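Structure file run07.csv (CSV, C-alpha atoms and all ligand atoms) follows.
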chain,number,residue,atom,x,y,z
Z,22,MET,CA,19.8,143.9,-17.4
Z,23,ASN,CA,22.0,141.7,-15.3
Z,24,TYR,CA,19.8,139.6,-12.9
Z,25,LYS,CA,20.8,136.8,-10.7
Z,26,PRO,CA,18.9,133.4,-11.0
Z,27,ILE,CA,17.3,131.7,-8.0
Z,28,ASP,CA,19.8,130.6,-5.4
Z,29,THR,CA,18.6,127.1,-4.5
Z,30,SER,CA,20.7,127.0,-1.3
Z,31,LYS,CA,18.5,129.7,0.3
Z,32,THR,CA,15.5,129.3,2.6
Z,33,TYR,CA,12.3,131.0,1.2
Z,34,LEU,CA,9.5,131.9,3.5
Z,35,VAL,CA,6.2,132.2,1.6
Z,36,THR,CA,3.1,133.5,3.4
Z,37,GLY,CA,-0.3,132.6,1.9
Z,38,ALA,CA,1.2,129.3,0.7
Z,39,ALA,CA,-2.2,127.6,0.6
Z,40,GLY,CA,-3.5,130.5,-1.5
Z,41,PHE,CA,-3.6,130.7,-5.3
Z,42,ILE,CA,-0.3,132.5,-6.0
Z,43,GLY,CA,1.5,131.3,-2.9
Z,44,TYR,CA,0.9,127.7,-3.9
Z,45,TYR,CA,2.2,128.0,-7.4
Z,46,LEU,CA,5.3,130.0,-6.3
Z,47,SER,CA,6.0,127.4,-3.5
Z,48,ARG,CA,5.6,124.5,-5.9
Z,49,ASN,CA,7.9,126.0,-8.4
Z,50,LEU,CA,10.6,126.8,-5.8
Z,51,LEU,CA,10.3,123.2,-4.4
Z,52,GLU,CA,10.6,121.7,-7.9
Z,53,GLN,CA,13.9,123.6,-8.2
Z,54,GLY,CA,15.2,122.1,-4.9
Z,55,CYS,CA,14.7,125.1,-2.7
Z,56,LYS,CA,13.7,124.9,1.0
Z,57,VAL,CA,10.3,126.6,1.5
Z,58,ILE,CA,8.6,127.5,4.7
Z,59,GLY,CA,4.9,128.0,4.0
Z,60,ILE,CA,2.6,129.9,6.3
Z,61,ASP,CA,-1.2,130.2,6.0
Z,62,ASN,CA,-4.1,130.4,8.3
Z,63,VAL,CA,-6.2,128.5,5.8
Z,64,ASN,CA,-9.2,130.7,6.4
Z,65,ASP,CA,-12.6,130.1,4.9
Z,66,TYR,CA,-13.0,133.3,2.8
Z,67,TYR,CA,-13.4,130.8,-0.1
Z,68,ASP,CA,-13.6,127.0,-0.4
Z,69,VAL,CA,-11.1,125.6,2.1
Z,70,HIS,CA,-11.1,122.3,0.2
Z,71,LEU,CA,-9.3,124.0,-2.6
Z,72,LYS,CA,-6.6,125.3,-0.2
Z,73,HIS,CA,-6.2,121.8,1.2
Z,74,THR,CA,-5.8,120.4,-2.3
Z,75,ARG,CA,-3.1,122.9,-3.0
Z,76,LEU,CA,-1.3,122.1,0.3
Z,77,GLY,CA,-1.7,118.4,-0.5
Z,78,GLN,CA,0.4,118.9,-3.6
Z,79,LEU,CA,3.1,120.7,-1.6
Z,80,GLU,CA,3.4,118.3,1.3
Z,81,PRO,CA,5.2,115.5,-0.6
Z,82,PHE,CA,8.2,117.7,-1.1
Z,83,ASN,CA,10.7,117.0,1.8
Z,84,LYS,CA,12.0,120.6,1.7
Z,85,PHE,CA,8.5,122.0,2.4
Z,86,ILE,CA,7.5,122.9,5.9
Z,87,PHE,CA,4.0,124.1,6.4
Z,88,ILE,CA,3.0,126.1,9.5
Z,89,LYS,CA,-0.6,126.9,10.0
Z,90,THR,CA,-0.7,130.3,11.6
Z,91,ASP,CA,-2.0,133.8,11.3
Z,92,ILE,CA,0.5,136.5,10.4
Z,93,SER,CA,-1.4,138.9,12.7
Z,94,ASP,CA,0.0,136.9,15.6
Z,95,LYS,CA,3.3,138.7,16.2
Z,96,ASP,CA,4.8,136.3,18.8
Z,97,ARG,CA,4.3,133.4,16.5
Z,98,VAL,CA,5.7,135.2,13.5
Z,99,MET,CA,8.8,136.1,15.4
Z,100,LYS,CA,9.3,132.6,16.6
Z,101,ILE,CA,9.1,131.2,13.1
Z,102,PHE,CA,11.7,133.7,11.9
Z,103,ASP,CA,13.9,132.8,14.9
Z,104,GLU,CA,13.6,129.1,14.2
Z,105,TYR,CA,14.0,129.1,10.4
Z,106,LYS,CA,16.0,132.3,9.7
Z,107,PRO,CA,14.6,132.7,6.1
Z,108,ASN,CA,16.9,134.4,3.6
Z,109,VAL,CA,14.0,135.6,1.3
Z,110,VAL,CA,10.5,136.3,2.3
Z,111,VAL,CA,7.5,136.6,0.0
Z,112,ASN,CA,4.4,138.0,1.7
Z,113,LEU,CA,1.3,136.9,-0.2
Z,114,ALA,CA,-1.0,136.3,2.8
Z,115,ALA,CA,-3.7,138.9,2.8
Z,116,GLN,CA,-7.4,139.4,2.8
Z,117,ALA,CA,-8.0,139.8,-1.0
Z,118,GLY,CA,-11.0,141.1,-2.8
Z,119,VAL,CA,-12.2,144.6,-3.5
Z,120,ARG,CA,-15.9,144.1,-3.1
Z,121,TYR,CA,-15.6,142.1,0.2
Z,122,SER,CA,-13.7,145.0,1.7
Z,123,ILE,CA,-16.7,147.2,1.4
Z,124,GLU,CA,-18.7,145.1,3.9
Z,125,ASN,CA,-15.9,143.5,5.9
Z,126,PRO,CA,-13.3,146.1,6.7
Z,127,ASP,CA,-11.9,144.7,10.0
Z,128,ILE,CA,-10.2,141.7,8.4
Z,129,TYR,CA,-8.3,143.9,6.0
Z,130,ILE,CA,-6.8,145.9,8.8
Z,131,GLN,CA,-6.0,142.7,10.7
Z,132,SER,CA,-4.4,140.7,8.0
Z,133,ASN,CA,-3.1,143.3,5.5
Z,134,ILE,CA,-1.9,146.0,7.9
Z,135,ILE,CA,-1.2,144.3,11.3
Z,136,GLY,CA,-0.1,141.1,9.6
Z,137,PHE,CA,2.2,142.8,7.2
Z,138,TYR,CA,3.6,145.0,9.9
Z,139,ASN,CA,4.5,141.8,11.9
Z,140,ILE,CA,6.3,140.4,8.8
Z,141,LEU,CA,8.3,143.7,8.4
Z,142,GLU,CA,9.2,143.7,12.1
Z,143,ALA,CA,10.4,140.1,11.8
Z,144,CYS,CA,12.6,141.1,8.8
Z,145,ARG,CA,14.0,143.9,10.9
Z,146,TYR,CA,15.0,141.6,13.8
Z,147,TYR,CA,16.0,138.6,11.7
Z,148,PRO,CA,17.6,140.4,8.7
Z,149,VAL,CA,16.7,138.9,5.3
Z,150,ASP,CA,18.4,139.4,1.9
Z,151,HIS,CA,15.0,140.5,0.4
Z,152,ILE,CA,11.3,140.8,1.2
Z,153,LEU,CA,8.9,140.8,-1.6
Z,154,TYR,CA,5.2,141.5,-1.0
Z,155,ALA,CA,1.9,141.6,-2.8
Z,156,SER,CA,0.5,145.0,-3.7
Z,157,SER,CA,-2.2,145.3,-6.3
Z,158,SER,CA,-3.2,147.1,-9.5
Z,159,SER,CA,-6.1,148.5,-7.4
Z,160,VAL,CA,-3.7,151.1,-6.0
Z,161,TYR,CA,-4.2,153.0,-9.3
Z,162,GLY,CA,-7.9,153.6,-8.3
Z,163,ALA,CA,-9.8,155.2,-11.1
Z,164,ASN,CA,-6.7,156.7,-12.8
Z,165,LYS,CA,-7.4,157.6,-16.4
Z,166,LYS,CA,-3.9,157.7,-17.8
Z,167,VAL,CA,-2.9,154.4,-19.3
Z,168,PRO,CA,-0.9,152.3,-19.2
Z,169,PHE,CA,-0.5,152.5,-15.5
Z,170,GLU,CA,3.1,153.3,-14.6
Z,171,GLU,CA,4.8,152.8,-11.2
Z,172,THR,CA,5.6,156.5,-11.1
Z,173,ASP,CA,1.9,157.5,-11.4
Z,174,PHE,CA,0.1,159.2,-8.6
Z,175,VAL,CA,-1.7,156.6,-6.5
Z,176,ASP,CA,-3.1,158.5,-3.6
Z,177,ASN,CA,-6.8,158.1,-4.5
Z,178,PRO,CA,-7.7,154.5,-3.6
Z,179,VAL,CA,-11.4,153.7,-4.1
Z,180,SER,CA,-11.7,150.7,-1.7
Z,181,LEU,CA,-10.2,149.8,1.7
Z,182,TYR,CA,-8.5,146.9,0.1
Z,183,ALA,CA,-6.6,149.3,-2.2
Z,184,SER,CA,-5.8,151.5,0.8
Z,185,THR,CA,-4.2,148.6,2.6
Z,186,LYS,CA,-2.1,147.7,-0.4
Z,187,LYS,CA,-0.9,151.3,-0.8
Z,188,SER,CA,-0.2,151.4,2.9
Z,189,ASN,CA,1.9,148.3,2.6
Z,190,GLU,CA,4.0,150.1,0.0
Z,191,LEU,CA,4.5,153.0,2.4
Z,192,MET,CA,5.3,150.7,5.3
Z,193,ALA,CA,7.9,148.7,3.3
Z,194,HIS,CA,9.5,151.9,2.1
Z,195,THR,CA,9.9,153.1,5.7
Z,196,TYR,CA,11.4,149.8,6.8
Z,197,SER,CA,13.8,149.8,4.0
Z,198,HIS,CA,14.8,153.4,4.8
Z,199,LEU,CA,15.1,153.1,8.5
Z,200,TYR,CA,16.3,149.5,9.0
Z,201,LYS,CA,17.8,148.7,5.6
Z,202,VAL,CA,15.3,145.9,4.8
Z,203,PRO,CA,15.6,145.5,1.0
Z,204,ALA,CA,12.0,145.4,-0.2
Z,205,THR,CA,10.1,144.9,-3.5
Z,206,GLY,CA,6.4,145.5,-3.9
Z,207,LEU,CA,4.5,143.6,-6.6
Z,208,ARG,CA,1.4,145.2,-8.1
Z,209,PHE,CA,-0.4,142.2,-9.6
Z,210,PHE,CA,-3.0,142.7,-12.3
Z,211,THR,CA,-6.1,140.3,-12.1
Z,212,VAL,CA,-4.4,136.9,-11.9
Z,213,TYR,CA,-6.2,133.8,-13.2
Z,214,GLY,CA,-5.5,130.2,-13.9
Z,215,PRO,CA,-6.2,126.6,-12.9
Z,216,MET,CA,-6.8,126.2,-9.1
Z,217,GLY,CA,-7.5,129.9,-9.0
Z,218,ARG,CA,-9.7,131.9,-6.6
Z,219,PRO,CA,-13.4,131.0,-6.6
Z,220,ASP,CA,-14.3,134.6,-5.6
Z,221,MET,CA,-13.0,136.0,-8.9
Z,222,ALA,CA,-15.3,136.6,-11.8
Z,223,TYR,CA,-14.1,134.0,-14.3
Z,224,PHE,CA,-14.3,131.3,-11.7
Z,225,GLY,CA,-17.7,132.5,-10.4
Z,226,PHE,CA,-19.1,132.7,-13.9
Z,227,THR,CA,-18.0,129.1,-14.5
Z,228,ASN,CA,-19.6,128.0,-11.2
Z,229,LYS,CA,-22.9,129.7,-12.1
Z,230,TYR,CA,-23.0,128.1,-15.5
Z,231,PHE,CA,-22.7,124.6,-14.1
Z,232,ALA,CA,-25.3,125.5,-11.4
Z,233,GLY,CA,-27.7,126.5,-14.2
Z,234,GLU,CA,-27.8,130.1,-13.1
Z,235,PRO,CA,-27.2,133.4,-15.1
Z,236,ILE,CA,-24.0,135.3,-14.6
Z,237,LYS,CA,-24.1,138.9,-13.4
Z,238,ILE,CA,-21.9,141.3,-15.4
Z,239,PHE,CA,-21.3,144.6,-13.6
Z,240,ASN,CA,-20.7,146.9,-16.6
Z,241,ASN,CA,-24.0,148.8,-16.7
Z,242,GLY,CA,-24.9,146.7,-19.8
Z,243,ASP,CA,-23.0,149.3,-21.6
Z,244,PHE,CA,-20.9,147.7,-24.3
Z,245,ALA,CA,-19.6,151.0,-25.6
Z,246,ASN,CA,-18.1,151.6,-22.1
Z,247,ASP,CA,-17.2,148.0,-21.4
Z,248,LEU,CA,-14.7,147.3,-18.6
Z,249,TYR,CA,-11.1,146.6,-19.5
Z,250,ARG,CA,-8.9,144.3,-17.4
Z,251,ASP,CA,-5.3,143.4,-17.8
Z,252,PHE,CA,-5.7,139.7,-17.1
Z,253,THR,CA,-2.4,137.9,-16.1
Z,254,PHE,CA,-1.9,134.2,-16.2
Z,255,ILE,CA,-0.6,132.6,-13.1
Z,256,ASP,CA,2.6,131.1,-14.7
Z,257,ASP,CA,3.6,134.6,-15.8
Z,258,ILE,CA,3.1,135.9,-12.3
Z,259,VAL,CA,5.3,133.2,-10.8
Z,260,GLU,CA,8.0,133.8,-13.4
Z,261,GLY,CA,8.0,137.5,-12.7
Z,262,ILE,CA,8.3,136.9,-8.9
Z,263,GLU,CA,11.0,134.3,-9.3
Z,264,ARG,CA,13.2,136.5,-11.5
Z,265,LEU,CA,13.0,139.2,-8.8
Z,266,LEU,CA,13.7,136.9,-5.7
Z,267,CYS,CA,17.5,137.1,-5.8
Z,268,ASN,CA,17.6,140.6,-7.1
Z,269,PRO,CA,16.8,143.0,-4.2
Z,270,PRO,CA,16.9,146.7,-5.0
Z,271,GLU,CA,20.4,148.1,-4.5
Z,272,GLY,CA,21.7,151.5,-3.9
Z,273,GLU,CA,20.5,154.2,-1.5
Z,274,VAL,CA,16.8,153.5,-1.8
Z,275,GLN,CA,16.3,149.8,-1.1
Z,276,HIS,CA,12.6,149.7,-2.0
Z,277,ILE,CA,11.0,149.4,-5.4
Z,278,VAL,CA,7.6,148.6,-6.8
Z,279,TYR,CA,6.9,146.7,-10.0
Z,280,ASN,CA,3.7,146.2,-12.0
Z,281,ILE,CA,3.3,142.5,-13.0
Z,282,GLY,CA,0.5,142.6,-15.6
Z,283,ASN,CA,-0.1,141.5,-19.1
Z,284,ASN,CA,0.4,144.9,-20.7
Z,285,SER,CA,-2.5,144.0,-22.9
Z,286,PRO,CA,-6.0,144.8,-21.5
Z,287,GLU,CA,-9.0,142.9,-22.8
Z,288,LYS,CA,-12.6,143.9,-22.8
Z,289,LEU,CA,-14.5,142.1,-20.1
Z,290,MET,CA,-16.9,140.8,-22.7
Z,291,THR,CA,-14.1,139.4,-24.9
Z,292,PHE,CA,-12.8,137.6,-21.8
Z,293,ILE,CA,-16.2,136.2,-21.1
Z,294,GLN,CA,-16.6,135.0,-24.7
Z,295,THR,CA,-13.2,133.4,-24.6
Z,296,LEU,CA,-14.2,131.6,-21.4
Z,297,GLU,CA,-17.3,130.3,-23.2
Z,298,LYS,CA,-15.2,129.1,-26.1
Z,299,THR,CA,-12.6,127.4,-23.9
Z,300,LEU,CA,-15.2,125.7,-21.8
Z,301,SER,CA,-16.9,124.5,-25.1
Z,302,ASN,CA,-13.5,123.0,-26.1
Z,303,SER,CA,-13.1,121.3,-22.8
Z,304,LEU,CA,-16.6,119.8,-22.8
Z,305,GLY,CA,-16.9,119.1,-26.5
Z,306,ARG,CA,-20.3,121.0,-26.7
Z,307,GLU,CA,-21.3,124.6,-27.0
Z,308,VAL,CA,-21.3,126.7,-23.8
Z,309,GLN,CA,-23.2,130.0,-23.6
Z,310,PHE,CA,-23.7,131.9,-20.4
Z,311,GLU,CA,-27.0,133.4,-19.6
Z,312,LYS,CA,-26.1,137.1,-18.9
Z,313,VAL,CA,-27.6,139.7,-16.7
Z,314,PHE,CA,-26.1,143.2,-16.8
Z,315,GLU,CA,-26.0,145.3,-13.7
Z,316,ALA,CA,-24.6,148.6,-12.6
Z,317,LEU,CA,-20.9,148.9,-11.6
Z,318,LYS,CA,-20.3,148.0,-7.9
Z,319,PRO,CA,-18.8,150.5,-5.5
Z,320,GLY,CA,-15.0,150.1,-5.4
Z,321,ASP,CA,-14.9,148.7,-8.9
Z,322,VAL,CA,-12.7,150.5,-11.4
Z,323,PRO,CA,-13.4,150.8,-15.2
Z,324,ALA,CA,-10.0,149.8,-16.5
Z,325,THR,CA,-6.6,148.3,-15.5
Z,326,TYR,CA,-3.6,148.4,-17.8
Z,327,ALA,CA,-0.1,147.7,-16.7
Z,328,SER,CA,3.1,149.2,-18.1
Z,329,THR,CA,5.7,146.5,-17.7
Z,330,ASP,CA,8.7,148.5,-18.9
Z,331,LEU,CA,10.2,148.7,-15.4
Z,332,LEU,CA,10.0,144.9,-14.9
Z,333,GLN,CA,11.3,144.1,-18.3
Z,334,LYS,CA,14.3,146.5,-17.8
Z,335,ALA,CA,15.1,144.9,-14.4
Z,336,VAL,CA,14.7,141.2,-15.2
Z,337,GLY,CA,14.1,140.9,-19.0
Z,338,PHE,CA,10.6,139.5,-18.7
Z,339,LYS,CA,7.1,140.5,-19.3
Z,340,PRO,CA,3.9,138.4,-19.1
Z,341,LYS,CA,3.1,136.8,-22.4
Z,342,THR,CA,0.3,134.2,-22.1
Z,343,SER,CA,-2.8,135.0,-24.2
Z,344,ILE,CA,-6.3,134.7,-22.5
Z,345,LYS,CA,-7.1,132.0,-25.1
Z,346,ASP,CA,-4.2,129.8,-23.9
Z,347,GLY,CA,-4.6,130.7,-20.2
Z,348,LEU,CA,-8.4,130.3,-20.0
Z,349,GLN,CA,-8.1,126.9,-21.9
Z,350,LYS,CA,-5.8,125.7,-19.1
Z,351,PHE,CA,-8.3,126.9,-16.5
Z,352,ALA,CA,-11.3,125.3,-18.3
Z,353,ASP,CA,-9.5,122.0,-18.7
Z,354,TRP,CA,-8.6,122.0,-15.1
Z,355,TYR,CA,-12.1,123.0,-13.9
Z,356,VAL,CA,-13.9,120.3,-15.9
Z,357,GLU,CA,-11.4,117.6,-14.6
Z,358,TYR,CA,-11.3,118.8,-11.0
Z,359,TYR,CA,-15.1,119.2,-10.5
Z,360,LYS,CA,-16.0,116.3,-12.8
Z,361,VAL,CA,-18.6,118.3,-14.7
Z,362,LYS,CA,-20.0,117.4,-18.0
Z,401,LIG,N1,-5.1,137.1,-7.6
Z,401,LIG,C1,-5.1,138.4,-8.0
Z,401,LIG,O1,-5.7,138.7,-9.0
Z,401,LIG,C2,-4.4,139.4,-7.2
Z,401,LIG,C3,-4.3,140.7,-7.7
Z,401,LIG,C4,-3.7,141.7,-7.0
Z,401,LIG,C5,-3.1,141.4,-5.8
Z,401,LIG,N2,-3.2,140.1,-5.2
Z,401,LIG,C6,-2.6,139.9,-3.9
Z,401,LIG,O2,-1.7,138.8,-4.1
Z,401,LIG,C7,-1.7,138.0,-2.8
Z,401,LIG,C8,-2.1,136.6,-3.1
Z,401,LIG,O3,-3.3,136.6,-3.7
Z,401,LIG,P1,-4.1,135.2,-4.1
Z,401,LIG,O4,-4.9,135.5,-5.3
Z,401,LIG,O5,-3.1,134.1,-4.1
Z,401,LIG,O6,-5.1,135.1,-2.9
Z,401,LIG,P2,-5.5,133.9,-1.9
Z,401,LIG,O7,-6.7,134.4,-1.1
Z,401,LIG,O8,-5.8,132.7,-2.8
Z,401,LIG,O9,-4.3,133.7,-1.1
Z,401,LIG,C9,-4.0,134.3,0.2
Z,401,LIG,C10,-3.8,133.3,1.2
Z,401,LIG,O10,-3.4,134.0,2.4
Z,401,LIG,C11,-4.1,133.3,3.5
Z,401,LIG,N3,-4.3,134.3,4.6
Z,401,LIG,C12,-5.1,135.4,4.5
Z,401,LIG,N4,-5.0,136.1,5.7
Z,401,LIG,C13,-4.0,135.5,6.4
Z,401,LIG,C14,-3.4,135.8,7.7
Z,401,LIG,N5,-3.8,136.8,8.4
Z,401,LIG,N6,-2.5,134.9,8.1
Z,401,LIG,C15,-2.1,133.9,7.4
Z,401,LIG,N7,-2.6,133.6,6.2
Z,401,LIG,C16,-3.6,134.4,5.7
Z,401,LIG,C17,-5.4,132.8,3.0
Z,401,LIG,O11,-5.8,131.7,3.7
Z,401,LIG,C18,-5.0,132.4,1.5
Z,401,LIG,O12,-4.7,131.0,1.4
Z,401,LIG,C19,-2.7,138.7,-1.9
Z,401,LIG,O13,-2.0,139.6,-1.1
Z,401,LIG,C20,-3.6,139.5,-2.9
Z,401,LIG,O14,-4.1,140.6,-2.2
Z,401,LIG,C21,-3.8,139.1,-5.9
Do you think you could lay out the structure here as structure tokens?
Amino acid sequence: MNYKPIDTSKTYLVTGAAGFIGYYLSRNLLEQGCKVIGIDNVNDYYDVHLKHTRLGQLEPFNKFIFIKTDISDKDRVMKIFDEYKPNVVVNLAAQAGVRYSIENPDIYIQSNIIGFYNILEACRYYPVDHILYASSSSVYGANKKVPFEETDFVDNPVSLYASTKKSNELMAHTYSHLYKVPATGLRFFTVYGPMGRPDMAYFGFTNKYFAGEPIKIFNNGDFANDLYRDFTFIDDIVEGIERLLCNPPEGEVQHIVYNIGNNSPEKLMTFIQTLEKTLSNSLGREVQFEKVFEALKPGDVPATYASTDLLQKAVGFKPKTSIKDGLQKFADWYVEYYKVK
């Protein structure tokens, strides 16, 4: 392991900068003195107010430039690259969500396929040191062999969202092969934390609780076959990305894909109980969700479990935050941000 730390003299372009992961990554880079060009279309897939809150925390940094635009607009993307000539690009802008892709396929093709293609084209015409892009654990589909390794067969996606992420990996590979664009794909595993995504289960459960509604758990009510998820705390994701930024793949094949997951899957029910406990701690009273069990939704997978050996070998890091510590940070933030009692 011989990795290069962040070069603060470089210009970093982060797409999806108003999003959950993009915001934290941008903030961390800015705090270290880097110049960050943030792009986001600030769409209303979830509460836009949260995106504006995140942007509001980035705007005071004088090395932050925010451009509200859609990455599916090729002319605009090219002009931004022409003007700012970024050294390192991190593409996090995408339509996220497995379930939403079942009903709304168009936007996945628009943002995840056309949008990513535009970013790759821009990297081709305005050469960069490195492009990193978000893939997803969902590419592993319903694979049974655990932990999931980067070399596993991933040609059986069970949602269009997963198909777009797997397609991104293929597209990046081609651009690295044909045009020598050094590219790194990041397979994130269920990322959570303060200021996270309201469409994700832990956030939705918390919203339901405070709205006085029961939570729906899609595990068939079958505790013996409970779902397992490799939940990864946001700070670990940011550290993993940051360690890779100035370490593009070298050698003949200039494309590589890493899992960034916790390497420690938790039962969904354990995660929910921990969320109840951490909310109880934040509020100083006992919290218990009213639970309704339902059948698994199409596109859902029974388990995710990341092997992190490759990442650890490359940059000497693997995610380490326990769900107890991570969820406590989420619960404290939620109670404070939404002023709930
Ligand atoms: N959070 C997770 O658990 C997780 C897991 C696996 C993969 N990912 C991937 O990581 C990336 C970041 O995820 P996140 O959790 O921060 O999601 P997010 O939805 O909070 O952030 C994505 C941001 O991209 C913006 N965006 C979407 N389409 C755009 C477009 N066409 N042009 C410009 N901006 C656009 C959105 O407004 C949003 O602010 C995504 O690619 C997602 O698919 C996330």
Which protein, DNA or RNA residues have an atom within 6 Å of ligand LIG 401 (chain Z), counting all atoms listed in the file, as a PDB file with C-alpha atoms, in the coordinates of the input?
ATOM      1  CA  GLY Z  37      -0.300 132.600   1.900  1.00  0.00           C
ATOM      2  CA  ALA Z  39      -2.200 127.600   0.600  1.00  0.00           C
ATOM      3  CA  GLY Z  40      -3.500 130.500  -1.500  1.00  0.00           C
ATOM      4  CA  PHE Z  41      -3.600 130.700  -5.300  1.00  0.00           C
ATOM      5  CA  ILE Z  42      -0.300 132.500  -6.000  1.00  0.00           C
ATOM      6  CA  GLY Z  43       1.500 131.300  -2.900  1.00  0.00           C
ATOM      7  CA  ASP Z  61      -1.200 130.200   6.000  1.00  0.00           C
ATOM      8  CA  ASN Z  62      -4.100 130.400   8.300  1.00  0.00           C
ATOM      9  CA  VAL Z  63      -6.200 128.500   5.800  1.00  0.00           C
ATOM     10  CA  ASN Z  64      -9.200 130.700   6.400  1.00  0.00           C
ATOM     11  CA  THR Z  90      -0.700 130.300  11.600  1.00  0.00           C
ATOM     12  CA  ASP Z  91      -2.000 133.800  11.300  1.00  0.00           C
ATOM     13  CA  ILE Z  92       0.500 136.500  10.400  1.00  0.00           C
ATOM     14  CA  SER Z  93      -1.400 138.900  12.700  1.00  0.00           C
ATOM     15  CA  LEU Z 113       1.300 136.900  -0.200  1.00  0.00           C
ATOM     16  CA  ALA Z 114      -1.000 136.300   2.800  1.00  0.00           C
ATOM     17  CA  ALA Z 115      -3.700 138.900   2.800  1.00  0.00           C
ATOM     18  CA  GLN Z 116      -7.400 139.400   2.800  1.00  0.00           C
ATOM     19  CA  ALA Z 117      -8.000 139.800  -1.000  1.00  0.00           C
ATOM     20  CA  SER Z 132      -4.400 140.700   8.000  1.00  0.00           C
ATOM     21  CA  GLY Z 136      -0.100 141.100   9.600  1.00  0.00           C
ATOM     22  CA  ALA Z 155       1.900 141.600  -2.800  1.00  0.00           C
ATOM     23  CA  SER Z 156       0.500 145.000  -3.700  1.00  0.00           C
ATOM     24  CA  SER Z 157      -2.200 145.300  -6.300  1.00  0.00           C
ATOM     25  CA  SER Z 158      -3.200 147.100  -9.500  1.00  0.00           C
ATOM     26  CA  PHE Z 209      -0.400 142.200  -9.600  1.00  0.00           C
ATOM     27  CA  PHE Z 210      -3.000 142.700 -12.300  1.00  0.00           C
ATOM     28  CA  THR Z 211      -6.100 140.300 -12.100  1.00  0.00           C
ATOM     29  CA  VAL Z 212      -4.400 136.900 -11.900  1.00  0.00           C
ATOM     30  CA  ARG Z 218      -9.700 131.900  -6.600  1.00  0.00           C
TER      31      ARG Z 218
END
Here is a test: counting all atoms listed in the file, which residue of Z:Asn23, Z:Asn164, Z:Gln78, Z:Thr195 is nearest to Z:Tyr45?
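Nearest to Z:Tyr45: Z:Gln78.
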Measuring atom to atom with all atoms listed in the file, identify which of Z:Ala335, Z:Ala204, Z:Val57, Z:Val98 is nearest to Z:Leu79.
Z:Val57
Name the residues in contact with stretch 46-49 of chain Z at a cut-off of 12 Å, using all atoms listed in the file, excluding same-chain residues fewer than 6 positions from it; report them as a ChimeraX atom specification.
/Z:27,29,32-40,55-60,75-87,110-113,255-264,266
Z:Lys350 surroundings by only C-alpha atoms, 10 Å radius, close-in-sequence under 2 positions cut, as a PDB file with C-alpha atoms, in the coordinates of the input:
ATOM      1  CA  GLY Z 214      -5.500 130.200 -13.900  1.00  0.00           C
ATOM      2  CA  PRO Z 215      -6.200 126.600 -12.900  1.00  0.00           C
ATOM      3  CA  PHE Z 254      -1.900 134.200 -16.200  1.00  0.00           C
ATOM      4  CA  THR Z 299     -12.600 127.400 -23.900  1.00  0.00           C
ATOM      5  CA  LEU Z 300     -15.200 125.700 -21.800  1.00  0.00           C
ATOM      6  CA  SER Z 303     -13.100 121.300 -22.800  1.00  0.00           C
ATOM      7  CA  ILE Z 344      -6.300 134.700 -22.500  1.00  0.00           C
ATOM      8  CA  LYS Z 345      -7.100 132.000 -25.100  1.00  0.00           C
ATOM      9  CA  ASP Z 346      -4.200 129.800 -23.900  1.00  0.00           C
ATOM     10  CA  GLY Z 347      -4.600 130.700 -20.200  1.00  0.00           C
ATOM     11  CA  LEU Z 348      -8.400 130.300 -20.000  1.00  0.00           C
ATOM     12  CA  ALA Z 352     -11.300 125.300 -18.300  1.00  0.00           C
ATOM     13  CA  ASP Z 353      -9.500 122.000 -18.700  1.00  0.00           C
ATOM     14  CA  TRP Z 354      -8.600 122.000 -15.100  1.00  0.00           C
ATOM     15  CA  TYR Z 355     -12.100 123.000 -13.900  1.00  0.00           C
TER      16      TYR Z 355
END
Quick one, how far is atom CA of Z:Pro203 from atom CA of Z:Ile130?
23.7 Å
Option closest in space to Z:Arg208, from Z:Asn280, Z:Asn241, Z:Gln131, Z:Gln275 [counting only C-alpha atoms]:
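Closest candidate: Z:Asn280.
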Would you be able to write out as a ChimeraX atom specification which residues have an atom within 10 Å of (13.5, 144.3, 6.8) in the file's coordinates, counting only C-alpha atoms?
/Z:110,140-152,193-204
Would you mind telling me which residue in Z:Phe338, Z:Gln349, Z:Cys267, Z:Gln53 lies nearest to Z:Lys298 when using all atoms listed in the file?
Z:Gln349
List as a PyMOL selection string: which residues have an atom within 12 Å of (-14.0, 143.4, -16.8), counting all atoms listed in the file?
chain Z and resi 210-211+221-223+237-244+246-252+286-294+317-318+321-326
Please compute the atom CA of Z:Tyr129-atom CA of Z:Asn189 distance, one decimal, in Å.
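Rounded to one decimal, the two atoms are 11.6 Å apart.
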Two-atom distance - atom CA of Z:Gly118, atom CA of Z:Lys186 (Å):
11.3 Å
Counting only C-alpha atoms, which residue out of Z:Gly320, Z:Val274, Z:Asn108, Z:Thr295 sits closest to Z:Glu124?
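Of Z:Gly320, Z:Val274, Z:Asn108, Z:Thr295, the one nearest Z:Glu124 is Z:Gly320, counting only C-alpha atoms.
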Tell me, as JSON, numbers by chain, which residues lie within 9 Å of Z:Val119, counting all atoms listed in the file; anything in the same chain fewer than 5 positions away does not count.
{"Z": [159, 180, 181, 182, 183, 320, 321]}
Counting only C-alpha atoms, the residue of Z:Ala316, Z:Val336, Z:Val109, Z:Val278 that sits nearest Z:Thr172
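Answer, going by the shortest atom-to-atom distance: Z:Val278.
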Sorted by chain and rising residue number, list the residues of stretch 144-246 of chain Z at most 10 Å from stretch 66-72 of chain Z (counting only C-alpha atoms), each with its closest atom pair and distance in Å to one decimal, as JSON lines.
{"residue": "Z:Met216", "atom": "CA", "partner": "Z:Leu71", "partner_atom": "CA", "distance": 7.3}
{"residue": "Z:Gly217", "atom": "CA", "partner": "Z:Leu71", "partner_atom": "CA", "distance": 8.9}
{"residue": "Z:Arg218", "atom": "CA", "partner": "Z:Tyr67", "partner_atom": "CA", "distance": 7.6}
{"residue": "Z:Pro219", "atom": "CA", "partner": "Z:Tyr67", "partner_atom": "CA", "distance": 6.5}
{"residue": "Z:Asp220", "atom": "CA", "partner": "Z:Tyr67", "partner_atom": "CA", "distance": 6.7}
